[in-house]
file protein_31.cif (mmCIF, C-alpha atoms)
data_upload
#
loop_
_atom_site.label_atom_id
_atom_site.label_comp_id
_atom_site.auth_asym_id
_atom_site.auth_seq_id
_atom_site.Cartn_x
_atom_site.Cartn_y
_atom_site.Cartn_z
CA MET K 1 162.59 -75.66 68.52
CA ALA K 2 161.20 -79.20 68.64
CA LEU K 3 157.46 -79.70 68.90
CA PRO K 4 156.25 -81.56 71.97
CA PRO K 5 155.57 -85.21 71.14
CA LEU K 6 152.35 -85.25 73.16
CA LEU K 7 149.61 -82.66 73.61
CA SER K 8 147.50 -81.93 76.65
CA ILE K 9 143.75 -82.08 76.17
CA GLY K 10 143.68 -78.27 76.38
CA GLU K 11 146.29 -77.98 73.61
CA LEU K 12 144.38 -80.47 71.49
CA SER K 13 141.21 -78.46 72.08
CA ARG K 14 142.91 -75.24 70.94
CA ARG K 15 144.34 -76.92 67.82
CA THR K 16 141.10 -78.61 66.72
CA GLY K 17 138.53 -76.08 67.89
CA LEU K 18 136.73 -78.85 69.77
CA SER K 19 135.68 -78.45 73.37
CA VAL K 20 137.44 -80.55 75.98
CA SER K 21 134.17 -82.40 76.59
CA ALA K 22 133.88 -83.20 72.86
CA ILE K 23 137.41 -84.61 72.88
CA ARG K 24 136.52 -86.75 75.89
CA PHE K 25 133.42 -87.96 74.03
CA TYR K 26 135.47 -88.89 70.96
CA GLU K 27 137.98 -90.62 73.22
CA ALA K 28 135.16 -92.62 74.85
CA GLN K 29 134.01 -93.62 71.33
CA GLY K 30 137.51 -94.87 70.50
CA LEU K 31 138.32 -92.24 67.87
CA VAL K 32 141.45 -91.15 69.77
CA ARG K 33 143.39 -92.66 72.65
CA ALA K 34 145.09 -90.74 75.39
CA VAL K 35 148.04 -91.86 77.42
CA ARG K 36 148.33 -90.76 81.03
CA SER K 37 151.15 -88.59 82.32
CA GLY K 38 152.87 -89.16 85.65
CA GLY K 39 150.29 -86.79 87.14
CA ASN K 40 147.46 -88.85 85.54
CA GLN K 41 146.68 -86.16 82.94
CA ARG K 42 145.56 -87.08 79.44
CA ARG K 43 148.16 -86.67 76.71
CA PHE K 44 147.44 -87.09 73.02
CA ALA K 45 149.61 -87.75 69.98
CA ARG K 46 150.00 -84.86 67.53
CA ALA K 47 148.44 -87.16 64.90
CA ASP K 48 145.19 -86.94 66.89
CA ILE K 49 144.75 -83.40 65.54
CA ARG K 50 144.14 -84.95 62.11
CA ARG K 51 141.99 -87.78 63.46
CA LEU K 52 139.70 -85.32 65.27
CA SER K 53 139.65 -82.96 62.30
CA PHE K 54 138.52 -85.86 60.12
CA ALA K 55 135.82 -86.71 62.68
CA GLN K 56 134.51 -83.14 62.57
CA ILE K 57 134.41 -83.07 58.78
CA ALA K 58 132.91 -86.55 58.51
CA GLN K 59 130.12 -85.67 60.98
CA THR K 60 129.37 -82.54 58.97
CA LEU K 61 129.09 -84.76 55.90
CA GLY K 62 126.59 -86.96 57.71
CA LEU K 63 128.68 -89.96 58.73
CA SER K 64 127.73 -91.53 62.02
CA ILE K 65 130.16 -91.90 64.90
CA ALA K 66 130.26 -95.65 64.20
CA GLU K 67 131.15 -95.04 60.54
CA ILE K 68 133.83 -92.54 61.54
CA ALA K 69 135.26 -94.94 64.13
CA ALA K 70 135.40 -97.72 61.53
CA GLU K 71 137.31 -95.50 59.11
CA LEU K 72 139.69 -94.21 61.77
CA ALA K 73 140.37 -97.79 62.87
CA SER K 74 142.08 -98.27 59.52
CA LEU K 75 144.60 -95.54 60.33
CA PRO K 76 147.78 -96.12 62.28
CA LEU K 77 147.83 -94.89 65.86
CA GLY K 78 150.57 -92.54 66.92
CA ARG K 79 151.66 -91.30 63.52
CA ALA K 80 150.18 -88.89 61.04
CA PRO K 81 148.19 -90.63 58.30
CA THR K 82 149.78 -90.56 54.86
CA ARG K 83 148.20 -89.34 51.65
CA GLN K 84 147.56 -92.98 50.76
CA ASP K 85 145.77 -93.55 54.08
CA TRP K 86 143.40 -90.64 53.41
CA GLN K 87 142.86 -91.67 49.79
CA ALA K 88 141.82 -95.15 50.91
CA ILE K 89 139.25 -93.64 53.29
CA SER K 90 138.04 -91.32 50.55
CA ARG K 91 137.46 -94.25 48.19
CA ARG K 92 135.54 -96.16 50.87
CA ILE K 93 133.20 -93.31 51.85
CA ARG K 94 132.65 -91.86 48.35
CA GLY K 95 129.59 -94.03 47.67
CA ARG K 96 127.94 -93.10 50.97
CA LEU K 97 128.58 -89.43 50.28
CA GLN K 98 127.11 -89.72 46.77
CA GLN K 99 123.96 -91.32 48.26
CA ARG K 100 123.65 -88.47 50.75
CA ILE K 101 124.16 -85.88 48.02
CA ALA K 102 121.41 -87.51 45.94
CA MET K 103 119.08 -87.51 48.97
CA LEU K 104 119.81 -83.84 49.64
CA GLU K 105 119.15 -82.97 46.00
CA ARG K 106 115.84 -84.87 46.02
CA THR K 107 114.88 -83.14 49.26
CA ARG K 108 115.75 -79.72 47.84
CA ASP K 109 113.81 -80.36 44.65
CA LYS K 110 110.73 -81.78 46.39
CA LEU K 111 110.77 -79.04 49.00
CA ASP K 112 110.92 -76.37 46.31
CA GLY K 113 107.85 -77.90 44.68
CA CYS K 114 105.93 -78.23 47.92
CA ILE K 115 106.71 -74.67 48.97
CA GLY K 116 105.59 -73.53 45.50
CA CYS K 117 102.27 -75.35 46.03
CA GLY K 118 101.81 -73.57 49.33
CA CYS K 119 100.13 -76.30 51.35
CA LEU K 120 103.28 -77.91 52.84
CA SER K 121 101.23 -80.96 53.77
CA LEU K 122 101.81 -84.27 52.02
CA ASP K 123 98.90 -85.87 53.86
CA ARG K 124 96.42 -83.25 52.59
CA CYS K 125 97.99 -82.16 49.29
CA ALA K 126 95.45 -82.70 46.52
CA LEU K 127 98.09 -82.27 43.82
CA TYR K 128 101.07 -84.23 45.08
CA ASN K 129 99.60 -86.80 47.43
CA PRO K 130 95.83 -86.99 47.00
CA GLY K 131 94.13 -89.14 49.62
CA ASP K 132 97.50 -89.72 51.29
CA ARG K 133 98.38 -92.45 48.78
CA ALA K 134 102.01 -92.23 49.90
CA GLY K 135 101.02 -93.44 53.38
CA ARG K 136 99.87 -96.75 51.91
CA ALA K 137 103.40 -97.40 50.63
CA GLY K 138 104.86 -97.39 54.14
CA ALA K 139 106.22 -95.18 56.86
CA GLY K 140 108.53 -92.23 56.41
CA PRO K 141 109.04 -89.67 53.67
CA ARG K 142 108.13 -92.01 50.82
CA PHE K 143 108.87 -89.66 47.92
CA LEU K 144 112.26 -88.68 49.33
CA LEU K 145 113.07 -92.35 49.88
CA GLY K 146 112.66 -92.92 46.17
CA ASP K 147 108.97 -93.77 45.74
CA ARG K 148 107.39 -91.99 42.79
CA PRO K 149 104.16 -90.10 43.26
CA PRO K 150 101.24 -91.68 41.37
CA MET K 151 100.53 -89.95 38.08
CA LYS K 152 96.95 -91.09 37.66
CA GLY K 153 95.59 -89.33 34.60
CA ARG K 154 98.15 -86.49 34.70
CA ALA K 155 100.35 -85.54 31.77
CA THR K 156 102.86 -83.54 33.81
CA THR K 157 104.65 -84.12 37.09
CA PRO K 158 103.07 -82.19 39.95
CA HIS K 159 105.32 -79.63 41.59
#

call {"tool": "encode", "arguments": {"input": "protein_31.cif", "output": "structure tokens"}}
result
Amino acid sequence: MALPPLLSIGELSRRTGLSVSAIRFYEAQGLVRAVRSGGNQRRFARADIRRLSFAQIAQTLGLSIAEIAAELASLPLGRAPTRQDWQAISRRIRGRLQQRIAMLERTRDKLDGCIGCGCLSLDRCALYNPGDRAGRAGAGPRFLLGDRPPMKGRATTPH
């Protein structure tokens, strides 16, 4: 029994686990392209199962829609990507993933310390951020962005 060359949006939804509205969103973002049937219904290539599966995984990993679209633009339309296609994407996104992993690890480690302190307030914490010195370095979560807390007169790292 031959597989149908094109899938309806409902079939694509069942195969990917995505809602029909999510598939329409991804289509609007250019991640997949539908062709129209004689009855003006969307039809998708079977290869779009893999494209949408990659989009789901990549979003879970923290890639933006624009980053995902850029990577998918390197893949051929209408045919399943090869192992080499996926390996090329993997090489390109590896550095971004490593940066995100490092950020998550720093967040986990700093959060553990802050919870251990009990105050959970970097603007009031007398141990980790006395006088809100981090605020003078700029906006945002300074210590998670890589700034080091001042160690004025302390022999050990707070938290």

call {"tool": "atom_distance", "arguments": {"input": "protein_31.cif", "atom1": "CA of Ile65 in chain K", "atom2": "CA of Arg46 in chain K"}}
result
21.2 Å

call {"tool": "closest_residue", "arguments": {"input": "protein_31.cif", "among": "K:Gly135, K:Thr60, K:Leu7, K:Leu18", "to": "Arg36 in chain K", "atoms": "only C-alpha atoms"}}
result
K:Leu7

call {"tool": "resolve_selection", "arguments": {"input": "protein_31.cif", "expression": "the PyMOL selection byres ((chain K and resi 12) around 12)", "output": "ChimeraX atom specification"}}
result
/K:4,6-11,13-24,32,34,42-53

call {"tool": "closest_residue", "arguments": {"input": "protein_31.cif", "among": "K:Val35, K:Ala134, K:Gly62, K:Gln29", "to": "Gly146 in chain K", "atoms": "all atoms listed in the file"}}
result
K:Ala134

call {"tool": "closest_residue", "arguments": {"input": "protein_31.cif", "among": "K:Leu31, K:Ala139, K:Leu61, K:Ile101", "to": "Pro76 in chain K", "atoms": "only C-alpha atoms"}}
result
K:Leu31

call {"tool": "resolve_selection", "arguments": {"input": "protein_31.cif", "expression": "the PyMOL selection byres ((chain K and resi 83-94) around 12)", "output": "JSON, numbers by chain"}}
result
{"K": [50, 51, 54, 58, 61, 62, 63, 64, 67, 68, 69, 70, 71, 72, 73, 74, 75, 76, 79, 80, 81, 82, 95, 96, 97, 98, 99, 100, 101]}

call {"tool": "atom_distance", "arguments": {"input": "protein_31.cif", "atom1": "CA of Gly30 in chain K", "atom2": "CA of Pro5 in chain K"}}
result
20.5 Å

call {"tool": "atom_distance", "arguments": {"input": "protein_31.cif", "atom1": "CA of Gln59 in chain K", "atom2": "CA of Ala102 in chain K"}}
result
17.5 Å
